[in-house]
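Chemist: Next comes my_file-v4.cif, mmCIF, N, CA and C atoms:
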```
data_model
loop_
_atom_site.label_atom_id
_atom_site.label_comp_id
_atom_site.auth_asym_id
_atom_site.auth_seq_id
_atom_site.Cartn_x
_atom_site.Cartn_y
_atom_site.Cartn_z
N MET C 1 -69.64 152.31 -106.94
CA MET C 1 -68.45 152.31 -106.10
C MET C 1 -68.88 152.21 -104.64
N LYS C 2 -68.16 151.39 -103.90
CA LYS C 2 -68.44 151.20 -102.48
C LYS C 2 -67.33 151.86 -101.68
N VAL C 3 -67.72 152.75 -100.76
CA VAL C 3 -66.77 153.54 -99.98
C VAL C 3 -67.05 153.39 -98.50
N ALA C 4 -66.01 153.16 -97.71
CA ALA C 4 -66.14 153.13 -96.24
C ALA C 4 -65.70 154.47 -95.69
N VAL C 5 -66.50 155.02 -94.78
CA VAL C 5 -66.13 156.22 -94.03
C VAL C 5 -66.20 155.81 -92.56
N ILE C 6 -65.04 155.67 -91.95
CA ILE C 6 -64.94 155.23 -90.57
C ILE C 6 -64.22 156.33 -89.79
N TYR C 7 -64.79 156.71 -88.66
CA TYR C 7 -64.22 157.85 -87.92
C TYR C 7 -64.26 157.62 -86.42
N ALA C 8 -63.44 158.36 -85.72
CA ALA C 8 -63.48 158.48 -84.27
C ALA C 8 -63.61 159.97 -83.98
N SER C 9 -64.34 160.31 -82.93
CA SER C 9 -64.53 161.71 -82.59
C SER C 9 -64.74 161.84 -81.09
N THR C 10 -64.12 162.83 -80.50
CA THR C 10 -64.30 163.03 -79.06
C THR C 10 -65.11 164.29 -78.77
N THR C 11 -64.98 165.30 -79.60
CA THR C 11 -65.72 166.55 -79.38
C THR C 11 -66.79 166.80 -80.43
N GLY C 12 -66.85 165.94 -81.44
CA GLY C 12 -67.82 166.11 -82.52
C GLY C 12 -67.25 166.76 -83.76
N ASN C 13 -66.03 167.27 -83.71
CA ASN C 13 -65.44 167.95 -84.86
C ASN C 13 -65.13 166.97 -86.00
N THR C 14 -64.49 165.86 -85.69
CA THR C 14 -64.19 164.88 -86.73
C THR C 14 -65.47 164.21 -87.21
N GLU C 15 -66.43 164.04 -86.32
CA GLU C 15 -67.73 163.49 -86.74
C GLU C 15 -68.41 164.42 -87.73
N ALA C 16 -68.33 165.72 -87.52
CA ALA C 16 -68.91 166.69 -88.46
C ALA C 16 -68.23 166.57 -89.83
N MET C 17 -66.92 166.37 -89.83
CA MET C 17 -66.20 166.16 -91.09
C MET C 17 -66.70 164.88 -91.77
N ALA C 18 -66.82 163.81 -90.98
CA ALA C 18 -67.28 162.53 -91.53
C ALA C 18 -68.69 162.65 -92.10
N ASN C 19 -69.55 163.39 -91.42
CA ASN C 19 -70.91 163.58 -91.92
C ASN C 19 -70.93 164.31 -93.25
N ALA C 20 -70.09 165.33 -93.39
CA ALA C 20 -70.01 166.07 -94.66
C ALA C 20 -69.47 165.16 -95.77
N ILE C 21 -68.48 164.36 -95.46
CA ILE C 21 -67.91 163.42 -96.42
C ILE C 21 -68.96 162.41 -96.85
N ASN C 22 -69.68 161.86 -95.87
CA ASN C 22 -70.74 160.90 -96.14
C ASN C 22 -71.82 161.51 -97.05
N GLU C 23 -72.21 162.73 -96.74
CA GLU C 23 -73.24 163.42 -97.53
C GLU C 23 -72.81 163.56 -99.00
N ALA C 24 -71.58 163.98 -99.21
CA ALA C 24 -71.07 164.17 -100.58
C ALA C 24 -70.99 162.85 -101.32
N LEU C 25 -70.55 161.81 -100.65
CA LEU C 25 -70.43 160.50 -101.30
C LEU C 25 -71.79 159.96 -101.69
N LYS C 26 -72.75 160.07 -100.78
CA LYS C 26 -74.10 159.58 -101.09
C LYS C 26 -74.71 160.36 -102.24
N ALA C 27 -74.49 161.68 -102.26
CA ALA C 27 -75.02 162.51 -103.35
C ALA C 27 -74.39 162.13 -104.69
N SER C 28 -73.17 161.59 -104.65
CA SER C 28 -72.49 161.19 -105.89
C SER C 28 -72.99 159.84 -106.40
N GLY C 29 -73.76 159.14 -105.58
CA GLY C 29 -74.26 157.83 -105.96
C GLY C 29 -73.45 156.67 -105.41
N ALA C 30 -72.42 156.97 -104.64
CA ALA C 30 -71.61 155.91 -104.06
C ALA C 30 -72.40 155.15 -102.99
N GLU C 31 -72.10 153.87 -102.85
CA GLU C 31 -72.64 153.07 -101.76
C GLU C 31 -71.68 153.27 -100.59
N VAL C 32 -72.20 153.72 -99.45
CA VAL C 32 -71.33 154.10 -98.33
C VAL C 32 -71.55 153.20 -97.12
N VAL C 33 -70.44 152.69 -96.58
CA VAL C 33 -70.42 152.03 -95.28
C VAL C 33 -69.95 153.12 -94.32
N PHE C 34 -70.81 153.56 -93.40
CA PHE C 34 -70.53 154.69 -92.52
C PHE C 34 -70.63 154.24 -91.08
N SER C 35 -69.56 154.45 -90.30
CA SER C 35 -69.56 153.96 -88.92
C SER C 35 -68.50 154.66 -88.09
N SER C 36 -68.73 154.66 -86.79
CA SER C 36 -67.67 155.07 -85.88
C SER C 36 -66.69 153.90 -85.76
N ALA C 37 -65.47 154.19 -85.40
CA ALA C 37 -64.43 153.17 -85.35
C ALA C 37 -64.75 152.08 -84.32
N ASP C 38 -65.40 152.44 -83.24
CA ASP C 38 -65.67 151.46 -82.20
C ASP C 38 -66.75 150.45 -82.56
N SER C 39 -67.50 150.69 -83.64
CA SER C 39 -68.53 149.73 -84.04
C SER C 39 -68.41 149.30 -85.50
N ALA C 40 -67.31 149.64 -86.15
CA ALA C 40 -67.13 149.32 -87.57
C ALA C 40 -66.87 147.83 -87.77
N ASP C 41 -67.39 147.31 -88.86
CA ASP C 41 -67.20 145.91 -89.26
C ASP C 41 -66.01 145.85 -90.21
N LYS C 42 -64.91 145.28 -89.74
CA LYS C 42 -63.67 145.26 -90.54
C LYS C 42 -63.85 144.57 -91.88
N ALA C 43 -64.61 143.49 -91.92
CA ALA C 43 -64.82 142.77 -93.18
C ALA C 43 -65.58 143.64 -94.17
N ALA C 44 -66.59 144.36 -93.70
CA ALA C 44 -67.35 145.25 -94.59
C ALA C 44 -66.48 146.39 -95.09
N VAL C 45 -65.61 146.90 -94.24
CA VAL C 45 -64.72 148.00 -94.62
C VAL C 45 -63.72 147.54 -95.66
N THR C 46 -63.08 146.42 -95.43
CA THR C 46 -62.05 145.97 -96.37
C THR C 46 -62.64 145.48 -97.69
N ALA C 47 -63.95 145.26 -97.74
CA ALA C 47 -64.61 144.88 -98.99
C ALA C 47 -64.90 146.11 -99.87
N CYS C 48 -64.66 147.30 -99.35
CA CYS C 48 -64.93 148.53 -100.10
C CYS C 48 -63.81 148.85 -101.09
N ASP C 49 -64.18 149.63 -102.12
CA ASP C 49 -63.22 150.07 -103.12
C ASP C 49 -62.29 151.14 -102.58
N VAL C 50 -62.84 152.01 -101.73
CA VAL C 50 -62.08 153.11 -101.13
C VAL C 50 -62.40 153.13 -99.64
N ILE C 51 -61.38 153.38 -98.82
CA ILE C 51 -61.56 153.46 -97.37
C ILE C 51 -61.11 154.85 -96.92
N LEU C 52 -62.01 155.57 -96.24
CA LEU C 52 -61.70 156.90 -95.71
C LEU C 52 -61.78 156.82 -94.20
N LEU C 53 -60.68 157.15 -93.53
CA LEU C 53 -60.57 157.02 -92.09
C LEU C 53 -60.34 158.38 -91.45
N GLY C 54 -61.05 158.66 -90.36
CA GLY C 54 -60.91 159.94 -89.70
C GLY C 54 -60.65 159.81 -88.21
N SER C 55 -59.77 160.65 -87.70
CA SER C 55 -59.45 160.67 -86.28
C SER C 55 -59.02 162.06 -85.85
N PRO C 56 -59.43 162.48 -84.66
CA PRO C 56 -58.87 163.72 -84.13
C PRO C 56 -57.45 163.48 -83.63
N ALA C 57 -56.71 164.55 -83.51
CA ALA C 57 -55.40 164.48 -82.88
C ALA C 57 -55.61 164.41 -81.38
N MET C 58 -54.96 163.48 -80.74
CA MET C 58 -55.09 163.32 -79.30
C MET C 58 -53.72 163.48 -78.65
N GLY C 59 -53.72 163.91 -77.40
CA GLY C 59 -52.49 163.98 -76.62
C GLY C 59 -51.35 164.61 -77.38
N ASP C 60 -50.28 163.84 -77.53
CA ASP C 60 -49.08 164.31 -78.21
C ASP C 60 -49.17 164.01 -79.70
N GLU C 61 -50.30 164.44 -80.32
CA GLU C 61 -50.59 164.24 -81.74
C GLU C 61 -50.52 162.76 -82.13
N VAL C 62 -51.45 162.00 -81.57
CA VAL C 62 -51.62 160.59 -81.91
C VAL C 62 -53.09 160.35 -82.25
N LEU C 63 -53.39 159.18 -82.82
CA LEU C 63 -54.76 158.82 -83.15
C LEU C 63 -55.58 158.60 -81.88
N GLU C 64 -56.87 158.85 -81.98
CA GLU C 64 -57.81 158.55 -80.90
C GLU C 64 -57.80 157.03 -80.70
N ASP C 65 -57.96 156.57 -79.47
CA ASP C 65 -57.77 155.16 -79.12
C ASP C 65 -58.62 154.19 -79.94
N THR C 66 -59.91 154.49 -80.14
CA THR C 66 -60.74 153.53 -80.89
C THR C 66 -60.31 153.46 -82.35
N MET C 67 -59.84 154.58 -82.91
CA MET C 67 -59.35 154.54 -84.29
C MET C 67 -58.02 153.80 -84.35
N GLU C 68 -57.17 154.02 -83.36
CA GLU C 68 -55.89 153.30 -83.32
C GLU C 68 -56.15 151.80 -83.30
N ASP C 69 -57.07 151.36 -82.46
CA ASP C 69 -57.40 149.94 -82.37
C ASP C 69 -57.97 149.42 -83.69
N PHE C 70 -58.90 150.17 -84.27
CA PHE C 70 -59.50 149.75 -85.53
C PHE C 70 -58.45 149.69 -86.63
N TYR C 71 -57.67 150.76 -86.76
CA TYR C 71 -56.63 150.83 -87.79
C TYR C 71 -55.63 149.68 -87.64
N THR C 72 -55.15 149.46 -86.43
CA THR C 72 -54.19 148.39 -86.18
C THR C 72 -54.79 147.03 -86.54
N GLY C 73 -56.07 146.85 -86.28
CA GLY C 73 -56.74 145.61 -86.60
C GLY C 73 -56.88 145.34 -88.10
N LEU C 74 -56.78 146.40 -88.91
CA LEU C 74 -56.87 146.21 -90.36
C LEU C 74 -55.61 145.55 -90.92
N GLY C 75 -54.48 145.86 -90.29
CA GLY C 75 -53.21 145.23 -90.64
C GLY C 75 -52.93 145.15 -92.13
N ALA C 76 -52.55 143.97 -92.57
CA ALA C 76 -52.11 143.75 -93.95
C ALA C 76 -53.25 143.90 -94.96
N SER C 77 -54.49 143.97 -94.50
CA SER C 77 -55.62 144.09 -95.44
C SER C 77 -55.61 145.43 -96.18
N LEU C 78 -54.79 146.38 -95.73
CA LEU C 78 -54.72 147.68 -96.41
C LEU C 78 -53.75 147.66 -97.60
N ASN C 79 -52.96 146.63 -97.73
CA ASN C 79 -52.00 146.54 -98.83
C ASN C 79 -52.74 146.59 -100.17
N GLY C 80 -52.41 147.59 -100.98
CA GLY C 80 -53.04 147.75 -102.29
C GLY C 80 -54.39 148.44 -102.26
N LYS C 81 -54.92 148.76 -101.07
CA LYS C 81 -56.22 149.42 -100.94
C LYS C 81 -56.06 150.93 -101.10
N LYS C 82 -57.07 151.55 -101.68
CA LYS C 82 -57.12 153.00 -101.82
C LYS C 82 -57.67 153.57 -100.51
N VAL C 83 -56.84 154.35 -99.79
CA VAL C 83 -57.19 154.85 -98.46
C VAL C 83 -56.91 156.34 -98.37
N GLY C 84 -57.84 157.06 -97.73
CA GLY C 84 -57.65 158.48 -97.44
C GLY C 84 -57.88 158.71 -95.96
N ILE C 85 -57.21 159.72 -95.40
CA ILE C 85 -57.35 160.01 -93.97
C ILE C 85 -57.70 161.48 -93.76
N PHE C 86 -58.46 161.72 -92.68
CA PHE C 86 -58.88 163.07 -92.35
C PHE C 86 -59.01 163.21 -90.84
N GLY C 87 -59.06 164.44 -90.36
CA GLY C 87 -59.27 164.64 -88.93
C GLY C 87 -59.18 166.09 -88.51
N SER C 88 -59.51 166.29 -87.26
CA SER C 88 -59.50 167.64 -86.68
C SER C 88 -58.45 167.70 -85.57
N TYR C 89 -58.04 168.92 -85.28
CA TYR C 89 -57.03 169.12 -84.26
C TYR C 89 -57.26 170.45 -83.57
N ASP C 90 -56.63 170.61 -82.41
CA ASP C 90 -56.73 171.86 -81.66
C ASP C 90 -55.40 172.60 -81.73
N TRP C 91 -54.35 171.95 -81.32
CA TRP C 91 -53.03 172.58 -81.34
C TRP C 91 -52.10 171.69 -82.16
N GLY C 92 -50.89 172.12 -82.34
CA GLY C 92 -49.94 171.35 -83.14
C GLY C 92 -50.02 171.75 -84.61
N ASP C 93 -49.40 170.94 -85.45
CA ASP C 93 -49.32 171.31 -86.87
C ASP C 93 -49.73 170.18 -87.81
N GLY C 94 -50.38 169.16 -87.28
CA GLY C 94 -50.83 168.06 -88.13
C GLY C 94 -49.90 166.87 -88.15
N GLN C 95 -49.00 166.79 -87.20
CA GLN C 95 -48.04 165.68 -87.18
C GLN C 95 -48.74 164.33 -87.12
N TRP C 96 -49.88 164.24 -86.42
CA TRP C 96 -50.57 162.96 -86.31
C TRP C 96 -51.03 162.45 -87.68
N LEU C 97 -51.43 163.36 -88.57
CA LEU C 97 -51.83 162.93 -89.91
C LEU C 97 -50.63 162.54 -90.76
N ARG C 98 -49.53 163.26 -90.63
CA ARG C 98 -48.32 162.90 -91.37
C ARG C 98 -47.80 161.53 -90.93
N ASP C 99 -47.81 161.30 -89.61
CA ASP C 99 -47.37 160.00 -89.09
C ASP C 99 -48.30 158.88 -89.57
N TRP C 100 -49.60 159.13 -89.54
CA TRP C 100 -50.58 158.13 -89.98
C TRP C 100 -50.41 157.85 -91.47
N ASN C 101 -50.18 158.90 -92.24
CA ASN C 101 -49.97 158.74 -93.67
C ASN C 101 -48.73 157.89 -93.94
N ASP C 102 -47.67 158.10 -93.18
CA ASP C 102 -46.46 157.28 -93.30
C ASP C 102 -46.77 155.81 -92.99
N ARG C 103 -47.57 155.59 -91.96
CA ARG C 103 -47.95 154.21 -91.59
C ARG C 103 -48.74 153.56 -92.73
N LEU C 104 -49.63 154.33 -93.34
CA LEU C 104 -50.42 153.80 -94.46
C LEU C 104 -49.51 153.43 -95.63
N ASN C 105 -48.58 154.32 -95.93
CA ASN C 105 -47.63 154.03 -97.02
C ASN C 105 -46.83 152.77 -96.73
N ASN C 106 -46.38 152.64 -95.49
CA ASN C 106 -45.60 151.45 -95.10
C ASN C 106 -46.44 150.18 -95.15
N ALA C 107 -47.76 150.32 -94.99
CA ALA C 107 -48.67 149.17 -95.05
C ALA C 107 -49.02 148.81 -96.50
N GLY C 108 -48.55 149.63 -97.45
CA GLY C 108 -48.82 149.35 -98.86
C GLY C 108 -50.11 149.92 -99.37
N ALA C 109 -50.75 150.81 -98.60
CA ALA C 109 -51.98 151.45 -99.05
C ALA C 109 -51.68 152.43 -100.18
N VAL C 110 -52.67 152.64 -101.03
CA VAL C 110 -52.58 153.60 -102.12
C VAL C 110 -53.32 154.85 -101.67
N SER C 111 -52.70 156.00 -101.81
CA SER C 111 -53.34 157.24 -101.35
C SER C 111 -54.54 157.60 -102.21
N ALA C 112 -55.69 157.76 -101.56
CA ALA C 112 -56.91 158.17 -102.25
C ALA C 112 -56.93 159.69 -102.45
N ALA C 113 -56.32 160.41 -101.52
CA ALA C 113 -56.27 161.88 -101.55
C ALA C 113 -55.27 162.33 -100.49
N GLU C 114 -54.80 163.55 -100.62
CA GLU C 114 -53.92 164.11 -99.59
C GLU C 114 -54.68 164.14 -98.27
N PRO C 115 -54.00 163.90 -97.15
CA PRO C 115 -54.68 163.97 -95.86
C PRO C 115 -55.37 165.34 -95.67
N LEU C 116 -56.55 165.30 -95.07
CA LEU C 116 -57.36 166.50 -94.86
C LEU C 116 -57.49 166.78 -93.37
N MET C 117 -57.11 168.00 -92.95
CA MET C 117 -57.27 168.35 -91.55
C MET C 117 -57.99 169.68 -91.41
N VAL C 118 -58.76 169.77 -90.31
CA VAL C 118 -59.52 170.97 -89.99
C VAL C 118 -59.18 171.37 -88.56
N HIS C 119 -58.94 172.65 -88.37
CA HIS C 119 -58.66 173.17 -87.03
C HIS C 119 -59.98 173.39 -86.29
N LEU C 120 -60.14 172.68 -85.18
CA LEU C 120 -61.32 172.77 -84.32
C LEU C 120 -62.62 172.45 -85.07
N THR C 121 -63.66 173.23 -84.82
CA THR C 121 -64.98 172.96 -85.41
C THR C 121 -65.00 173.35 -86.88
N PRO C 122 -65.45 172.44 -87.75
CA PRO C 122 -65.53 172.78 -89.18
C PRO C 122 -66.51 173.92 -89.43
N GLU C 123 -66.03 174.97 -90.06
CA GLU C 123 -66.88 176.08 -90.48
C GLU C 123 -67.44 175.75 -91.86
N ASP C 124 -68.27 176.61 -92.41
CA ASP C 124 -68.91 176.34 -93.70
C ASP C 124 -67.88 176.01 -94.79
N ALA C 125 -66.82 176.78 -94.86
CA ALA C 125 -65.79 176.54 -95.88
C ALA C 125 -65.11 175.19 -95.66
N ASP C 126 -64.93 174.80 -94.40
CA ASP C 126 -64.32 173.50 -94.09
C ASP C 126 -65.24 172.36 -94.50
N VAL C 127 -66.54 172.52 -94.27
CA VAL C 127 -67.52 171.50 -94.67
C VAL C 127 -67.48 171.31 -96.18
N GLU C 128 -67.40 172.41 -96.90
CA GLU C 128 -67.32 172.32 -98.37
C GLU C 128 -66.01 171.66 -98.80
N ALA C 129 -64.93 171.95 -98.08
CA ALA C 129 -63.64 171.32 -98.38
C ALA C 129 -63.72 169.81 -98.13
N CYS C 130 -64.43 169.40 -97.07
CA CYS C 130 -64.60 167.97 -96.79
C CYS C 130 -65.36 167.29 -97.92
N LYS C 131 -66.39 167.94 -98.41
CA LYS C 131 -67.19 167.37 -99.51
C LYS C 131 -66.35 167.24 -100.77
N ALA C 132 -65.59 168.27 -101.09
CA ALA C 132 -64.74 168.24 -102.28
C ALA C 132 -63.66 167.16 -102.13
N TRP C 133 -63.09 167.05 -100.94
CA TRP C 133 -62.08 166.04 -100.67
C TRP C 133 -62.65 164.64 -100.89
N ALA C 134 -63.86 164.40 -100.39
CA ALA C 134 -64.49 163.10 -100.55
C ALA C 134 -64.65 162.73 -102.03
N LEU C 135 -65.09 163.68 -102.82
CA LEU C 135 -65.28 163.42 -104.25
C LEU C 135 -63.95 163.19 -104.96
N SER C 136 -62.90 163.90 -104.54
CA SER C 136 -61.59 163.67 -105.16
C SER C 136 -61.03 162.30 -104.77
N ALA C 137 -61.39 161.82 -103.58
CA ALA C 137 -60.87 160.53 -103.11
C ALA C 137 -61.45 159.35 -103.86
N ILE C 138 -62.60 159.52 -104.50
CA ILE C 138 -63.21 158.39 -105.21
C ILE C 138 -62.99 158.45 -106.72
N LYS C 139 -62.20 159.40 -107.17
CA LYS C 139 -61.90 159.49 -108.62
C LYS C 139 -60.86 158.48 -109.02
#
```
Would you encode the structure as structure tokens?

Modeler:
Amino acid sequence: MKVAVIYASTTGNTEAMANAINEALKASGAEVVFSSADSADKAAVTACDVILLGSPAMGDEVLEDTMEDFYTGLGASLNGKKVGIFGSYDWGDGQWLRDWNDRLNNAGAVSAAEPLMVHLTPEDADVEACKAWALSAIK
């Protein structure tokens, strides 16, 4: 199975989540395309069986700019694709992930797993939750 893990991170929290997800996927034997959103290859990502996208909540609970640009650039290529989303936040209640999930549904994406969010820096239990989430997303 080929899995893309593409993330944006401003403080390192979402990157820590992405690293834990990447670690679990590689340990499972999956072939992983791992990149930050600002340097991801869209063709390589859309060629994957599962796409996992991560972004922190920014401003008024919106995606980080490089992830917004990358996600918007994927456009119709997400139709029928298995996609999961994850990210970290400081304040708010996760509205950015709910909005993003709605956008994915409207694009015709198939949910790989329930959206995963972590408050601030991932602690040990959060890292384990990221790993478990990654494995559930590829089932």

Chemist: Each side padded by 3 Å, which centre and which edge lengths in Å (one decimal) define the axis-aligned box around the listed atoms of region 42-54 of chain C? Give them as JSON.

Modeler:
```
{"center_x": -63.8, "center_y": 151.4, "center_z": -95.7, "size_x": 13.0, "size_y": 23.2, "size_z": 20.9}
```

Chemist: Skipping near chain neighbours, those fewer than 2 positions away, what residues fall within 6 Å of region 3-13 of chain C using all atoms listed in the file, listed as a list in words?

Modeler: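 Returned residues: Met1, Glu15, Ala16, Met17, Ala30, Glu31, Val32, Val33, Phe34, Ser35, Ser36, Ala37, Val45, Cys48, Asp49, Val50, Ile51, Leu52, Leu53, Gly54, Ser55, Pro56, Met67, Ser88, Leu120, Thr121 and Pro122 of chain C.
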
Chemist: Figure out the distance between CA of Ala134 (chain C) and atom N of Tyr71 (chain C), please, to one decimal in Å.

Modeler: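 Between atom N of Tyr71 (chain C) and CA of Ala134 (chain C) the gap works out to 19.7 Å.
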
Chemist: Measure the distance from atom N of Ala109 (chain C) to atom C of Phe70 (chain C) in Å and round it to one decimal.

Modeler: 14.3 Å

Chemist: What residues in chain C get the DSSP label alpha helix (DSSP H)? Please answer as a PyMOL selection string.

Modeler: chain C and resi 13-28+42-46+65-74+95-106+124-137

Chemist: Could you add whatever atoms are missing so that region 51-60 of chain C carries all heavy atoms, then write the result as a short mmCIF file (atom, residue, chain, number, x, y, z; two decimals), keeping the file's coordinate frame?

Modeler:
```cif
data_model
loop_
_atom_site.label_atom_id
_atom_site.label_comp_id
_atom_site.auth_asym_id
_atom_site.auth_seq_id
_atom_site.Cartn_x
_atom_site.Cartn_y
_atom_site.Cartn_z
N ILE C 51 -61.38 153.38 -98.82
CA ILE C 51 -61.56 153.46 -97.37
C ILE C 51 -61.11 154.85 -96.92
O ILE C 51 -59.97 155.25 -97.18
CB ILE C 51 -60.73 152.38 -96.64
CG1 ILE C 51 -61.14 150.98 -97.12
CG2 ILE C 51 -60.87 152.52 -95.13
CD1 ILE C 51 -60.22 149.87 -96.64
N LEU C 52 -62.01 155.57 -96.24
CA LEU C 52 -61.70 156.90 -95.71
C LEU C 52 -61.78 156.82 -94.20
O LEU C 52 -62.83 156.48 -93.64
CB LEU C 52 -62.67 157.93 -96.28
CG LEU C 52 -62.73 158.00 -97.81
CD1 LEU C 52 -63.77 159.01 -98.26
CD2 LEU C 52 -61.36 158.32 -98.40
N LEU C 53 -60.68 157.15 -93.53
CA LEU C 53 -60.57 157.02 -92.09
C LEU C 53 -60.34 158.38 -91.45
O LEU C 53 -59.51 159.16 -91.93
CB LEU C 53 -59.40 156.09 -91.73
CG LEU C 53 -59.44 154.68 -92.32
CD1 LEU C 53 -58.11 153.97 -92.05
CD2 LEU C 53 -60.60 153.90 -91.75
N GLY C 54 -61.05 158.66 -90.36
CA GLY C 54 -60.91 159.94 -89.70
C GLY C 54 -60.65 159.81 -88.21
O GLY C 54 -61.24 158.96 -87.54
N SER C 55 -59.77 160.65 -87.70
CA SER C 55 -59.45 160.67 -86.28
C SER C 55 -59.02 162.06 -85.85
O SER C 55 -58.28 162.72 -86.58
CB SER C 55 -58.32 159.69 -85.96
OG SER C 55 -57.95 159.76 -84.59
N PRO C 56 -59.43 162.48 -84.66
CA PRO C 56 -58.87 163.72 -84.13
C PRO C 56 -57.45 163.48 -83.63
O PRO C 56 -57.06 162.33 -83.38
CB PRO C 56 -59.80 164.04 -82.96
CG PRO C 56 -60.30 162.71 -82.50
CD PRO C 56 -60.41 161.87 -83.74
N ALA C 57 -56.71 164.55 -83.51
CA ALA C 57 -55.40 164.48 -82.88
C ALA C 57 -55.61 164.41 -81.38
O ALA C 57 -56.39 165.19 -80.82
CB ALA C 57 -54.57 165.71 -83.24
N MET C 58 -54.96 163.48 -80.74
CA MET C 58 -55.09 163.32 -79.30
C MET C 58 -53.72 163.48 -78.65
O MET C 58 -52.71 163.18 -79.27
CB MET C 58 -55.66 161.94 -78.96
CG MET C 58 -57.02 161.64 -79.58
SD MET C 58 -58.34 162.76 -79.08
CE MET C 58 -58.47 162.34 -77.35
N GLY C 59 -53.72 163.91 -77.40
CA GLY C 59 -52.49 163.98 -76.62
C GLY C 59 -51.35 164.61 -77.38
O GLY C 59 -51.43 165.74 -77.85
N ASP C 60 -50.28 163.84 -77.53
CA ASP C 60 -49.08 164.31 -78.21
C ASP C 60 -49.17 164.01 -79.70
O ASP C 60 -48.30 163.39 -80.29
CB ASP C 60 -47.84 163.64 -77.59
CG ASP C 60 -46.55 164.28 -78.05
OD1 ASP C 60 -46.56 165.44 -78.49
OD2 ASP C 60 -45.51 163.58 -77.99
#
```
